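Printed here is structure-v5.txt (compact mmCIF, C-alpha atoms and all ligand atoms):
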```txt
# COMPACT_ATOMS: atom_id res chain seq x y z
CA MET A 1 97.57 115.82 70.81
CA VAL A 2 100.89 116.43 72.38
CA ARG A 3 104.00 114.28 72.69
CA PHE A 4 106.09 114.75 75.82
CA LEU A 5 108.48 112.86 78.08
CA HIS A 6 107.16 111.71 81.47
CA THR A 7 109.85 111.09 84.06
CA ALA A 8 110.15 111.34 87.87
CA ASP A 9 112.25 110.49 90.90
CA TRP A 10 115.62 111.65 89.64
CA GLN A 11 116.71 111.71 93.32
CA LEU A 12 119.73 113.86 92.41
CA GLY A 13 122.26 113.82 95.24
CA MET A 14 121.40 110.27 96.31
CA SER A 15 124.20 108.06 97.61
CA ARG A 16 124.29 104.78 99.50
CA ALA A 17 126.36 103.85 102.52
CA SER A 18 127.10 100.30 101.32
CA LEU A 19 128.85 101.46 98.14
CA SER A 20 132.59 101.01 97.95
CA PRO A 21 134.47 104.32 98.24
CA GLU A 22 135.37 104.05 94.55
CA ALA A 23 131.76 103.45 93.47
CA ARG A 24 130.16 106.24 95.49
CA PRO A 25 130.98 109.19 93.20
CA ARG A 26 130.09 107.08 90.13
CA PHE A 27 126.71 106.26 91.66
CA VAL A 28 126.04 109.95 92.33
CA GLN A 29 127.15 110.88 88.80
CA ALA A 30 124.97 108.15 87.27
CA ARG A 31 121.83 110.10 88.13
CA PHE A 32 123.10 113.17 86.23
CA ASP A 33 124.09 110.97 83.30
CA ALA A 34 120.56 109.52 83.29
CA VAL A 35 119.16 113.05 83.00
CA ARG A 36 121.36 113.59 79.95
CA ARG A 37 120.04 110.37 78.41
CA LEU A 38 116.50 111.69 78.97
CA GLY A 39 117.43 114.64 76.77
CA ALA A 40 118.58 112.28 74.02
CA VAL A 41 115.34 110.28 74.32
CA ALA A 42 113.22 113.46 74.17
CA ALA A 43 115.09 114.67 71.09
CA GLU A 44 114.97 111.30 69.35
CA HIS A 45 111.21 110.97 69.86
CA GLY A 46 110.36 114.58 69.11
CA CYS A 47 108.95 115.37 72.55
CA GLU A 48 107.72 118.94 73.08
CA PHE A 49 108.59 119.11 76.76
CA ILE A 50 109.69 117.08 79.79
CA ALA A 51 107.53 116.70 82.90
CA VAL A 52 109.27 115.52 86.08
CA ALA A 53 106.68 114.21 88.54
CA GLY A 54 108.46 114.91 91.81
CA ASP A 55 111.61 114.02 93.76
CA VAL A 56 113.97 115.77 91.39
CA PHE A 57 116.34 116.07 94.36
CA GLU A 58 117.05 113.44 96.99
CA SER A 59 116.35 116.03 99.66
CA ASN A 60 116.05 119.75 100.27
CA GLN A 61 119.43 119.53 102.02
CA VAL A 62 121.47 118.66 98.92
CA ASP A 63 124.70 120.64 98.62
CA ARG A 64 125.38 123.59 96.34
CA GLN A 65 127.34 121.47 93.86
CA THR A 66 124.36 119.13 93.38
CA VAL A 67 122.07 122.09 92.72
CA ALA A 68 124.54 123.65 90.28
CA ARG A 69 125.04 120.39 88.36
CA ALA A 70 121.30 119.72 88.27
CA LEU A 71 120.64 123.12 86.76
CA GLN A 72 123.41 122.62 84.21
CA ALA A 73 122.00 119.19 83.26
CA ILE A 74 118.49 120.66 82.91
CA HIS A 75 119.84 123.53 80.82
CA ASP A 76 121.56 121.00 78.56
CA LEU A 77 118.28 119.11 78.03
CA GLY A 78 117.24 121.94 75.75
CA HIS A 79 113.55 121.11 76.02
CA PRO A 80 111.18 122.99 78.33
CA VAL A 81 111.35 121.14 81.68
CA TYR A 82 108.61 121.27 84.33
CA LEU A 83 109.66 120.18 87.82
CA LEU A 84 107.15 119.13 90.45
CA PRO A 85 108.25 119.30 94.11
CA GLY A 86 107.65 115.86 95.69
CA ASN A 87 107.98 114.37 99.15
CA HIS A 88 111.79 114.43 99.01
CA ASP A 89 111.98 118.03 97.81
CA PRO A 90 108.78 119.71 99.01
CA LEU A 91 108.08 123.44 98.94
CA ASP A 92 108.61 123.87 102.67
CA ALA A 93 110.63 126.55 104.48
CA ALA A 94 113.91 124.82 103.56
CA THR A 95 113.01 124.04 99.94
CA VAL A 96 115.82 123.53 97.45
CA TYR A 97 113.73 125.47 94.94
CA ARG A 98 114.51 128.68 96.85
CA HIS A 99 118.18 127.81 97.41
CA THR A 100 120.30 130.84 96.45
CA THR A 101 122.14 128.85 93.78
CA PHE A 102 118.86 127.57 92.37
CA LEU A 103 117.42 131.07 92.10
CA ALA A 104 120.61 132.58 90.70
CA ARG A 105 121.33 129.86 88.14
CA ARG A 106 117.89 128.70 87.05
CA PRO A 107 118.01 128.18 83.27
CA ASP A 108 115.30 129.68 81.06
CA ASN A 109 113.93 126.29 80.00
CA LEU A 110 113.14 125.27 83.61
CA ARG A 111 109.87 125.94 85.38
CA VAL A 112 108.99 124.79 88.89
CA ILE A 113 105.33 123.86 89.30
CA GLY A 114 104.69 125.92 92.42
CA ASP A 115 100.90 125.76 92.74
CA ASN A 116 97.70 124.25 91.31
CA ARG A 117 97.09 126.86 88.62
CA PRO A 118 96.99 125.54 85.05
CA ILE A 119 100.18 126.31 83.11
CA ALA A 120 99.94 126.98 79.37
CA VAL A 121 102.72 124.99 77.68
CA ARG A 122 101.56 126.28 74.31
CA ASP A 123 98.25 126.90 72.57
CA GLY A 124 96.17 123.78 73.11
CA VAL A 125 98.37 122.22 75.84
CA GLU A 126 98.06 122.79 79.58
CA LEU A 127 99.75 121.35 82.65
CA ILE A 128 98.21 121.18 86.08
CA GLY A 129 100.39 120.12 88.99
CA ALA A 130 99.98 119.09 92.61
CA PRO A 131 103.26 120.14 94.30
CA TRP A 132 104.01 118.93 97.81
CA PRO A 133 103.95 121.86 100.30
CA GLY A 134 105.65 119.82 103.04
CA LYS A 135 106.83 116.34 103.91
CA ARG A 136 103.56 115.17 105.45
CA PRO A 137 100.51 116.55 103.67
CA LEU A 138 97.22 115.85 105.41
CA THR A 139 95.23 115.51 102.22
CA ASP A 140 95.14 113.96 98.75
CA LEU A 141 96.99 116.75 96.90
CA ALA A 142 96.13 115.45 93.42
CA ALA A 143 92.41 115.28 94.19
CA ALA A 144 92.54 118.77 95.71
CA ALA A 145 94.22 120.16 92.58
CA LEU A 146 91.62 118.67 90.23
CA ARG A 147 88.49 119.26 92.30
CA GLY A 148 86.57 122.26 90.98
CA LEU A 149 88.74 122.42 87.87
CA PRO A 150 86.60 123.09 84.76
CA ARG A 151 86.78 120.74 81.78
CA ALA A 152 89.62 121.46 79.41
CA ALA A 153 88.56 123.80 76.60
CA PRO A 154 87.68 122.03 73.34
CA GLY A 155 90.85 121.21 71.43
CA THR A 156 93.01 121.59 74.54
CA THR A 157 94.99 118.69 76.01
CA ARG A 158 95.52 118.91 79.75
CA ILE A 159 98.22 116.91 81.53
CA ALA A 160 98.13 116.48 85.32
CA VAL A 161 101.40 115.96 87.22
CA ALA A 162 101.29 114.54 90.75
CA HIS A 163 103.44 112.69 93.25
CA GLY A 164 102.55 110.02 95.80
CA ILE A 165 101.13 106.56 96.13
CA VAL A 166 97.67 105.77 94.74
CA ASP A 167 95.26 104.13 97.18
CA THR A 168 94.94 100.94 95.13
CA LEU A 169 98.69 100.30 95.49
CA SER A 170 99.04 101.25 99.16
CA PRO A 171 97.63 99.18 102.01
CA ASP A 172 98.05 102.11 104.43
CA ALA A 173 94.47 103.40 104.74
CA ALA A 174 95.59 105.75 107.54
CA ASP A 175 97.79 107.75 105.14
CA PRO A 176 95.78 110.92 104.33
CA ALA A 177 98.02 111.76 101.33
CA ARG A 178 97.17 108.67 99.29
CA ILE A 179 95.90 109.56 95.81
CA ALA A 180 92.34 108.30 95.28
CA LEU A 181 92.39 106.46 91.96
CA ALA A 182 88.59 106.80 91.56
CA GLU A 183 88.87 110.60 91.69
CA MET A 184 91.63 110.59 89.09
CA GLU A 185 89.60 108.33 86.80
CA GLY A 186 86.64 110.67 87.31
CA ALA A 187 88.75 113.64 86.17
CA LEU A 188 89.79 111.67 83.07
CA ALA A 189 86.23 110.57 82.35
CA ASP A 190 84.74 114.07 82.42
CA GLY A 191 87.56 115.67 80.42
CA ARG A 192 89.19 117.76 83.17
CA ILE A 193 92.48 116.03 82.33
CA HIS A 194 93.69 113.67 79.60
CA TYR A 195 96.73 112.10 81.25
CA LEU A 196 98.05 111.78 84.81
CA ALA A 197 101.84 111.69 85.13
CA LEU A 198 102.75 110.19 88.50
CA GLY A 199 105.97 110.01 90.47
CA ASP A 200 106.95 108.30 93.73
CA ARG A 201 107.00 104.65 92.74
CA HIS A 202 110.42 104.00 91.24
CA SER A 203 109.17 101.20 88.98
CA ALA A 204 107.41 102.03 85.71
CA THR A 205 103.78 101.13 86.40
CA ARG A 206 100.48 101.40 84.59
CA VAL A 207 97.74 102.31 87.08
CA GLY A 208 94.11 101.29 86.69
CA VAL A 209 92.45 100.50 83.38
CA THR A 210 92.21 103.86 81.58
CA GLY A 211 95.66 103.63 79.93
CA ARG A 212 96.10 107.29 80.90
CA ILE A 213 97.61 107.00 84.40
CA PHE A 214 101.25 105.93 84.80
CA TYR A 215 104.22 106.02 87.10
CA SER A 216 107.27 106.56 84.91
CA GLY A 217 109.62 105.05 87.49
CA ALA A 218 113.06 106.48 88.20
CA PRO A 219 115.42 106.95 85.22
CA GLU A 220 118.13 105.18 87.21
CA ALA A 221 117.60 102.44 89.82
CA THR A 222 117.66 103.59 93.45
CA ASP A 223 117.10 100.49 95.59
CA TYR A 224 116.51 96.77 95.84
CA GLY A 225 112.99 95.55 95.18
CA GLU A 226 112.19 97.93 92.33
CA VAL A 227 110.41 95.98 89.60
CA ARG A 228 111.17 98.09 86.51
CA PRO A 229 113.37 101.08 87.29
CA GLY A 230 115.59 102.81 84.75
CA CYS A 231 112.80 103.97 82.41
CA ALA A 232 111.05 107.03 81.08
CA LEU A 233 107.76 107.25 79.20
CA VAL A 234 107.18 108.87 75.83
CA VAL A 235 103.54 109.93 75.99
CA ASP A 236 101.20 110.88 73.15
CA ALA A 237 98.13 112.31 74.84
CA GLY A 238 95.01 114.02 73.64
CA PRO A 239 91.25 113.92 74.19
CA GLU A 240 90.86 111.19 71.56
CA ARG A 241 93.65 108.81 72.41
CA CYS A 242 96.68 108.18 74.54
CA ASP A 243 99.73 106.07 73.73
CA VAL A 244 102.55 105.45 76.16
CA THR A 245 105.94 103.98 75.21
CA GLU A 246 108.49 102.86 77.76
CA VAL A 247 112.12 103.75 77.02
CA GLU A 248 115.11 102.36 78.93
CA THR A 249 117.44 104.91 80.48
CA GLY A 250 119.10 103.12 83.42
CA GLU A 251 122.53 101.52 83.65
CA TRP A 252 122.76 100.46 87.29
CA ARG A 253 121.26 97.36 88.90
CA PHE A 254 120.26 96.33 92.39
CA LEU A 255 120.25 92.54 92.72
CA GLU A 256 118.88 90.83 95.77
CA ARG A 257 119.10 87.13 96.53
CA GLY A 258 116.58 86.64 99.28
CA GLU A 259 118.03 83.30 100.27
CA VAL A 260 121.43 81.79 99.58
CA PRO A 261 121.36 78.22 100.98
CA LEU A 262 124.76 77.12 102.28
CA ALA A 263 125.22 73.50 103.34
CA GLY A 264 128.25 72.35 101.38
CA SER A 265 130.70 72.94 98.57
CA GLU A 266 128.03 72.62 95.85
CA ASP A 267 126.20 75.60 97.33
CA LEU A 268 129.44 77.57 97.32
CA ALA A 269 129.96 76.71 93.67
CA ALA A 270 126.41 77.84 92.84
CA LEU A 271 127.00 81.16 94.62
CA GLN A 272 130.28 81.57 92.75
CA ARG A 273 128.49 80.97 89.42
CA PHE A 274 125.79 83.50 90.30
CA LEU A 275 128.39 86.15 91.08
CA ASP A 276 130.55 85.29 88.04
CA GLU A 277 127.67 85.54 85.59
CA ARG A 278 126.51 89.04 86.53
CA PRO A 279 127.26 91.57 83.77
CA ASP A 280 128.41 95.14 84.48
CA LYS A 281 129.57 94.27 87.99
CA GLU A 282 131.02 97.71 88.66
CA ARG A 283 127.50 99.15 88.21
CA THR A 284 125.73 96.45 90.21
CA LEU A 285 124.86 96.36 93.90
CA VAL A 286 124.28 92.89 95.35
CA LYS A 287 122.51 91.88 98.53
CA LEU A 288 122.84 88.31 99.79
CA ARG A 289 121.02 86.68 102.67
CA LEU A 290 123.07 83.67 103.73
CA ARG A 291 121.22 80.73 105.22
CA GLY A 292 122.55 77.48 106.63
CA ALA A 293 125.91 76.41 108.03
CA LEU A 294 129.38 75.55 106.73
CA PRO A 295 132.41 73.95 108.35
CA LEU A 296 135.37 76.22 109.03
CA ALA A 297 137.30 75.31 105.88
CA LEU A 298 134.37 76.10 103.57
CA ASP A 299 133.60 79.25 105.54
CA ALA A 300 137.13 80.40 104.78
CA ALA A 301 136.50 79.75 101.07
CA LEU A 302 133.23 81.71 101.34
CA ARG A 303 135.05 84.67 102.94
CA GLU A 304 137.60 84.65 100.14
CA MET A 305 134.84 84.57 97.51
CA LEU A 306 132.95 87.46 99.09
CA SER A 307 136.09 89.50 99.48
CA HIS A 308 136.87 89.09 95.77
CA ALA A 309 133.28 90.01 94.87
CA ARG A 310 133.64 93.13 96.98
CA ASP A 311 136.50 94.18 94.70
CA LEU A 312 134.39 93.68 91.57
CA PHE A 313 130.90 94.89 92.45
CA ALA A 314 129.83 98.44 93.29
CA ALA A 315 128.53 97.11 96.60
CA LEU A 316 128.09 93.78 98.32
CA GLU A 317 125.66 93.69 101.22
CA VAL A 318 125.72 90.42 103.13
CA ARG A 319 123.22 89.42 105.82
CA GLU A 320 124.32 86.53 108.02
CA LYS A 321 121.51 86.33 110.56
CA ASP A 322 120.58 82.78 109.49
CA TYR A 323 124.09 81.58 108.76
CA ALA A 324 126.50 79.82 111.12
CA VAL A 325 129.92 78.25 111.05
CA LEU A 326 129.78 74.68 112.31
CA PRO A 327 133.25 73.30 113.06
CA GLU A 328 133.81 69.67 112.08
CA ASP A 329 136.51 67.24 113.19
CA SER A 330 138.23 67.66 109.84
CA ASP A 331 138.62 71.37 110.59
CA PHE A 332 140.95 70.60 113.48
CA ALA A 333 142.87 67.65 112.07
CA GLY A 334 146.53 68.38 111.60
CA LEU A 335 146.58 71.71 113.41
CA GLY A 336 149.33 70.34 115.62
CA LEU A 337 148.30 72.21 118.74
CA ALA A 338 149.72 71.36 122.15
CA GLY A 339 149.66 72.65 125.70
CA PHE A 340 147.39 75.53 126.64
CA ALA A 341 146.41 76.15 122.98
CA LYS A 342 145.12 72.58 122.72
CA THR A 343 143.24 73.03 126.01
CA ALA A 344 141.64 76.22 124.70
CA LEU A 345 140.70 74.49 121.43
CA ASP A 346 139.06 71.57 123.25
CA GLU A 347 137.18 73.88 125.58
CA LEU A 348 135.85 76.00 122.69
CA ARG A 349 134.79 72.88 120.81
CA GLY A 350 132.94 71.73 123.87
CA ARG A 351 130.94 74.95 123.98
CA ALA A 352 130.49 75.46 120.24
CA GLY A 353 127.71 72.92 119.81
CA THR A 354 125.02 74.83 121.73
CA ASP A 355 122.49 77.14 120.15
CA THR A 356 123.17 79.97 122.60
CA PRO A 357 125.03 83.29 122.42
CA GLU A 358 127.90 81.52 124.21
CA GLY A 359 127.89 78.80 121.56
CA ALA A 360 127.96 81.40 118.77
CA ALA A 361 130.87 83.21 120.47
CA ALA A 362 132.73 79.90 120.79
CA ARG A 363 132.22 79.18 117.07
CA GLU A 364 133.53 82.59 116.13
CA ALA A 365 136.54 82.12 118.38
CA LEU A 366 137.22 78.71 116.84
CA ALA A 367 137.02 80.11 113.33
CA LEU A 368 139.47 82.84 114.28
CA LEU A 369 141.80 80.38 115.97
CA VAL A 370 141.88 78.09 112.95
CA ARG A 371 142.45 80.98 110.53
CA LEU A 372 145.30 82.33 112.65
CA ILE A 373 147.00 78.95 112.97
CA ARG A 374 146.72 78.27 109.22
CA ARG A 375 148.21 81.68 108.47
CA VAL A 376 151.16 81.09 110.81
CA ALA A 377 151.74 77.54 109.60
MN MN B 1 111.02 109.19 94.97
```
Go ahead and express the file in the form of structure tokens.
Ligand SMILES: [Mn+2]
Amino acid sequence: MVRFLHTADWQLGMSRASLSPEARPRFVQARFDAVRRLGAVAAEHGCEFIAVAGDVFESNQVDRQTVARALQAIHDLGHPVYLLPGNHDPLDAATVYRHTTFLARRPDNLRVIGDNRPIAVRDGVELIGAPWPGKRPLTDLAAAALRGLPRAAPGTTRIAVAHGIVDTLSPDAADPARIALAEMEGALADGRIHYLALGDRHSATRVGVTGRIFYSGAPEATDYGEVRPGCALVVDAGPERCDVTEVETGEWRFLERGEVPLAGSEDLAALQRFLDERPDKERTLVKLRLRGALPLALDAALREMLSHARDLFAALEVREKDYAVLPEDSDFAGLGLAGFAKTALDELRGRAGTDTPEGAAAREALALLVRLIRRVA
């Protein structure tokens, strides 16, 4: 038996264009902080080592500072750390694992899994990895690493570490790099390996029915749509049994509202409540898809609400493809326009009712006109 920490997809160096300028460096730093929390988890649970199943770095092109900070964070983990190159940081000609800073500053507790040869962690514990040699492998790297491997010696626990999507979770049959779950289960059944630590999927996921194949997920969320990011797995594995415990490590959230219906002031109030009730706003990214139509006055209230939310949240991404401003008579009452301005207003209103690009342009122009007049008045 051995107890170790299974993690993956640190994506160090990752940023996101939609983040506010203030949030961007915090988002980058959050991934290093998550690595430090992994060290605390490993110490608390008495793990013997840490296996990182790929995508340690966001890309092979990360800057020197990212490499230096990563190595410092890994050094500070204290535990032996095994890094597997994944699809974001493969062992190609430009690999980060041969970056001059990486080679010069590599701490003693770090080992890069550079090939398929079994690695002795200690007496009775072996690792076997399937590193990515390039961005687009033409074969199932995990199956290739395990094929022809002899059974683990009696009393030895062997942990496999691989990166990529398993075939049962990917509909893309044309992808030659998919990991064949049946082959992995075969390797477990005949004792070639006792646990398969997977990376690539950023949500913690149990795969198949053996209870010995898992994605750990990313220790810190990276995108919308992830089911259970922000975790690591404490694994007890051996020939006789295998127990896996999920531990929370993440602090950031990606929240997506697939559809925000907007037809009147009640919908605005509901949106306001949703935004108000979110905890930890400065560490939360929000994506809203607006749907429906509002008169100009309510649209102005919506703009004000979104602008305030932009000040509070780390990011606010708003999609307006299915949203329109529909001017109503009340929008124009009391504007007090005369002369050519009144003529322009009437002409725009005449065109605004059509569902054409010209109609949309007229509605935008009307909204702008009303906002400008209200500001002057
Ligand atoms: Mn990844």
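Across the structure, CA of Leu271 in chain A and CA of Gly225 in chain A are spaced 20.1 Å apart.
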For ligand MN 1 (chain B), return the neighbouring residues as an mmCIF file with C-alpha atoms, in the coordinates of the input (distance at most 12 Å; all atoms listed in the file).
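So the final result, stored in result-v5.cif, reads:
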```cif
data_model
loop_
_atom_site.group_PDB
_atom_site.id
_atom_site.type_symbol
_atom_site.label_atom_id
_atom_site.label_comp_id
_atom_site.auth_asym_id
_atom_site.auth_seq_id
_atom_site.Cartn_x
_atom_site.Cartn_y
_atom_site.Cartn_z
ATOM 1 C CA THR A 7 109.850 111.090 84.060
ATOM 2 C CA ALA A 8 110.150 111.340 87.870
ATOM 3 C CA ASP A 9 112.250 110.490 90.900
ATOM 4 C CA TRP A 10 115.620 111.650 89.640
ATOM 5 C CA GLN A 11 116.710 111.710 93.320
ATOM 6 C CA LEU A 12 119.730 113.860 92.410
ATOM 7 C CA MET A 14 121.400 110.270 96.310
ATOM 8 C CA VAL A 52 109.270 115.520 86.080
ATOM 9 C CA ALA A 53 106.680 114.210 88.540
ATOM 10 C CA GLY A 54 108.460 114.910 91.810
ATOM 11 C CA ASP A 55 111.610 114.020 93.760
ATOM 12 C CA VAL A 56 113.970 115.770 91.390
ATOM 13 C CA PHE A 57 116.340 116.070 94.360
ATOM 14 C CA GLU A 58 117.050 113.440 96.990
ATOM 15 C CA SER A 59 116.350 116.030 99.660
ATOM 16 C CA LEU A 84 107.150 119.130 90.450
ATOM 17 C CA PRO A 85 108.250 119.300 94.110
ATOM 18 C CA GLY A 86 107.650 115.860 95.690
ATOM 19 C CA ASN A 87 107.980 114.370 99.150
ATOM 20 C CA HIS A 88 111.790 114.430 99.010
ATOM 21 C CA ASP A 89 111.980 118.030 97.810
ATOM 22 C CA PRO A 90 108.780 119.710 99.010
ATOM 23 C CA ALA A 162 101.290 114.540 90.750
ATOM 24 C CA HIS A 163 103.440 112.690 93.250
ATOM 25 C CA GLY A 164 102.550 110.020 95.800
ATOM 26 C CA ILE A 165 101.130 106.560 96.130
ATOM 27 C CA LEU A 198 102.750 110.190 88.500
ATOM 28 C CA GLY A 199 105.970 110.010 90.470
ATOM 29 C CA ASP A 200 106.950 108.300 93.730
ATOM 30 C CA ARG A 201 107.000 104.650 92.740
ATOM 31 C CA HIS A 202 110.420 104.000 91.240
ATOM 32 C CA SER A 203 109.170 101.200 88.980
ATOM 33 C CA TYR A 215 104.220 106.020 87.100
ATOM 34 C CA SER A 216 107.270 106.560 84.910
ATOM 35 C CA GLY A 217 109.620 105.050 87.490
ATOM 36 C CA ALA A 218 113.060 106.480 88.200
ATOM 37 C CA PRO A 219 115.420 106.950 85.220
ATOM 38 C CA GLU A 220 118.130 105.180 87.210
ATOM 39 C CA ALA A 221 117.600 102.440 89.820
ATOM 40 C CA THR A 222 117.660 103.590 93.450
ATOM 41 C CA ASP A 223 117.100 100.490 95.590
ATOM 42 C CA GLU A 226 112.190 97.930 92.330
ATOM 43 C CA PRO A 229 113.370 101.080 87.290
#
```
What separation in Å, quoted to one decimal, exists between CA of Leu316 in chain A and CA of Leu19 in chain A?
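Taking CA of Leu316 in chain A and CA of Leu19 in chain A, their separation equals 7.7 Å.
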Considering all atoms listed in the file, can you say which of A:Leu302, A:Val2, A:Val244, A:Val318 comes closest to Glu126 in chain A?
A:Val2
Show me, as number ranges by chain, the residues that have an atom within 10 Å of range 99-115 of chain A when counting only C-alpha atoms, minus same-chain residues fewer than 3 positions from it.
A: 49-54, 60-68, 70-85, 90-91, 94-96, 118-119, 127-133, 145, 161
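Proximity of A:Asp346, A:Gly155, A:Val207, A:Ala362 to Asp167 in chain A, computed with only C-alpha atoms, is greatest for A:Val207.
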Nearby residues, (128.7, 76.9, 98.8) file frame, 12 Å, all atoms listed in the file, as a PyMOL selection string
chain A and resi 260-274+290-295+297-306+323
Length of the CA of Ala344 in chain A to CA of Leu368 in chain A vector [Å]
12.5 Å
With 3 Å of padding per side, what axis-aligned box (centre and edge lengths, Å, one decimal) covers all the listed atoms of range 279-282 of chain A? Give it as lines of an AutoDock Vina configuration file.
```
center_x = 129.1
center_y = 94.6
center_z = 86.2
size_x = 9.8
size_y = 12.1
size_z = 10.9
```
Would you please work out which residue, of A:Arg151, A:Arg98, A:His194, A:His6, is nearest to Arg241 in chain A when using all atoms listed in the file?
A:His194
Up to 7 Å from (109.4, 122.1, 106.1) in the file's coordinates: name the residues, counting only C-alpha atoms, as an MDAnalysis selection string.
chainID A and resid 92:94 134:135
So, counting all atoms listed in the file, which residue among A:Asp329, A:Asp243, A:Asp190, A:Asp322 is closest to Met1 in chain A?
A:Asp243
Would you mind listing what lies within 12 Å of Leu138 in chain A as a ChimeraX atom specification, with all atoms listed in the file counted and same-chain residues fewer than 5 positions away left out?
/A:132-133,144,174-179
Pick from A:Arg278, A:Arg192, A:Arg3, A:Arg16: nearest to Val234 in chain A, with all atoms listed in the file counted?
A:Arg3
Can you tell me, as a PyMOL selection string, what residues are no more than 10 Å from Ala187 in chain A when counting only C-alpha atoms, ignoring any on the same chain fewer than 4 positions away?
chain A and resi 143+146-147+149-151+160+181-183+191-196
Residue with smallest distance to Val28 in chain A - pool A:Phe340, A:Phe214, A:Tyr224, A:Trp252, counting all atoms listed in the file:
A:Trp252
List as a list of chain:residue names the protein and nucleic acid residues near Glu317 in chain A, meaning an atom at most 8 Å away when all atoms listed in the file are counted, but skip any in the same chain fewer than 3 places from it.
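Listed by chain and then number, they are A:Ser18, A:Leu285, A:Val286, A:Lys287, A:Leu288.
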Pick out the residues sitting within 9 Å of Gly46 in chain A, and hand them over as a list in words; count all atoms listed in the file, and ignore anything fewer than 4 positions along from it in its own chain.
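Listed by chain and then number, they are Arg3, Phe4, Val41 and Ala42 of chain A.
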With the input short on atoms, add N, CA, C and O atoms back to range 171-182 of chain A and write it as a short mmCIF file (atom, residue, chain, number, x, y, z; two decimals), in the frame of the given file.
```cif
data_model
loop_
_atom_site.label_atom_id
_atom_site.label_comp_id
_atom_site.auth_asym_id
_atom_site.auth_seq_id
_atom_site.Cartn_x
_atom_site.Cartn_y
_atom_site.Cartn_z
N PRO A 171 98.52 99.77 101.01
CA PRO A 171 97.63 99.18 102.01
C PRO A 171 97.39 100.13 103.20
O PRO A 171 96.54 99.84 104.04
N ASP A 172 98.11 101.26 103.25
CA ASP A 172 98.05 102.11 104.43
C ASP A 172 96.86 103.07 104.38
O ASP A 172 96.99 104.22 103.95
N ALA A 173 95.70 102.60 104.80
CA ALA A 173 94.47 103.40 104.74
C ALA A 173 94.55 104.62 105.64
O ALA A 173 93.78 105.58 105.49
N ALA A 174 95.48 104.62 106.61
CA ALA A 174 95.59 105.75 107.54
C ALA A 174 96.39 106.91 106.94
O ALA A 174 96.45 107.98 107.53
N ASP A 175 96.99 106.70 105.77
CA ASP A 175 97.79 107.75 105.14
C ASP A 175 96.85 108.73 104.42
O ASP A 175 96.25 108.39 103.40
N PRO A 176 96.74 109.98 104.93
CA PRO A 176 95.78 110.92 104.33
C PRO A 176 96.22 111.44 102.97
O PRO A 176 95.44 112.04 102.25
N ALA A 177 97.49 111.20 102.58
CA ALA A 177 98.02 111.76 101.33
C ALA A 177 97.86 110.80 100.15
O ALA A 177 98.22 111.16 99.03
N ARG A 178 97.33 109.61 100.41
CA ARG A 178 97.17 108.67 99.29
C ARG A 178 96.30 109.30 98.20
O ARG A 178 95.34 110.01 98.48
N ILE A 179 96.63 109.00 96.95
CA ILE A 179 95.90 109.56 95.81
C ILE A 179 94.74 108.61 95.48
O ILE A 179 94.96 107.43 95.21
N ALA A 180 93.52 109.13 95.54
CA ALA A 180 92.34 108.30 95.28
C ALA A 180 92.21 108.05 93.79
O ALA A 180 91.94 108.97 93.01
N LEU A 181 92.42 106.79 93.38
CA LEU A 181 92.39 106.46 91.96
C LEU A 181 91.02 106.79 91.35
O LEU A 181 90.94 107.29 90.23
N ALA A 182 89.94 106.55 92.10
CA ALA A 182 88.59 106.80 91.56
C ALA A 182 88.42 108.27 91.19
O ALA A 182 87.81 108.60 90.16
#
```
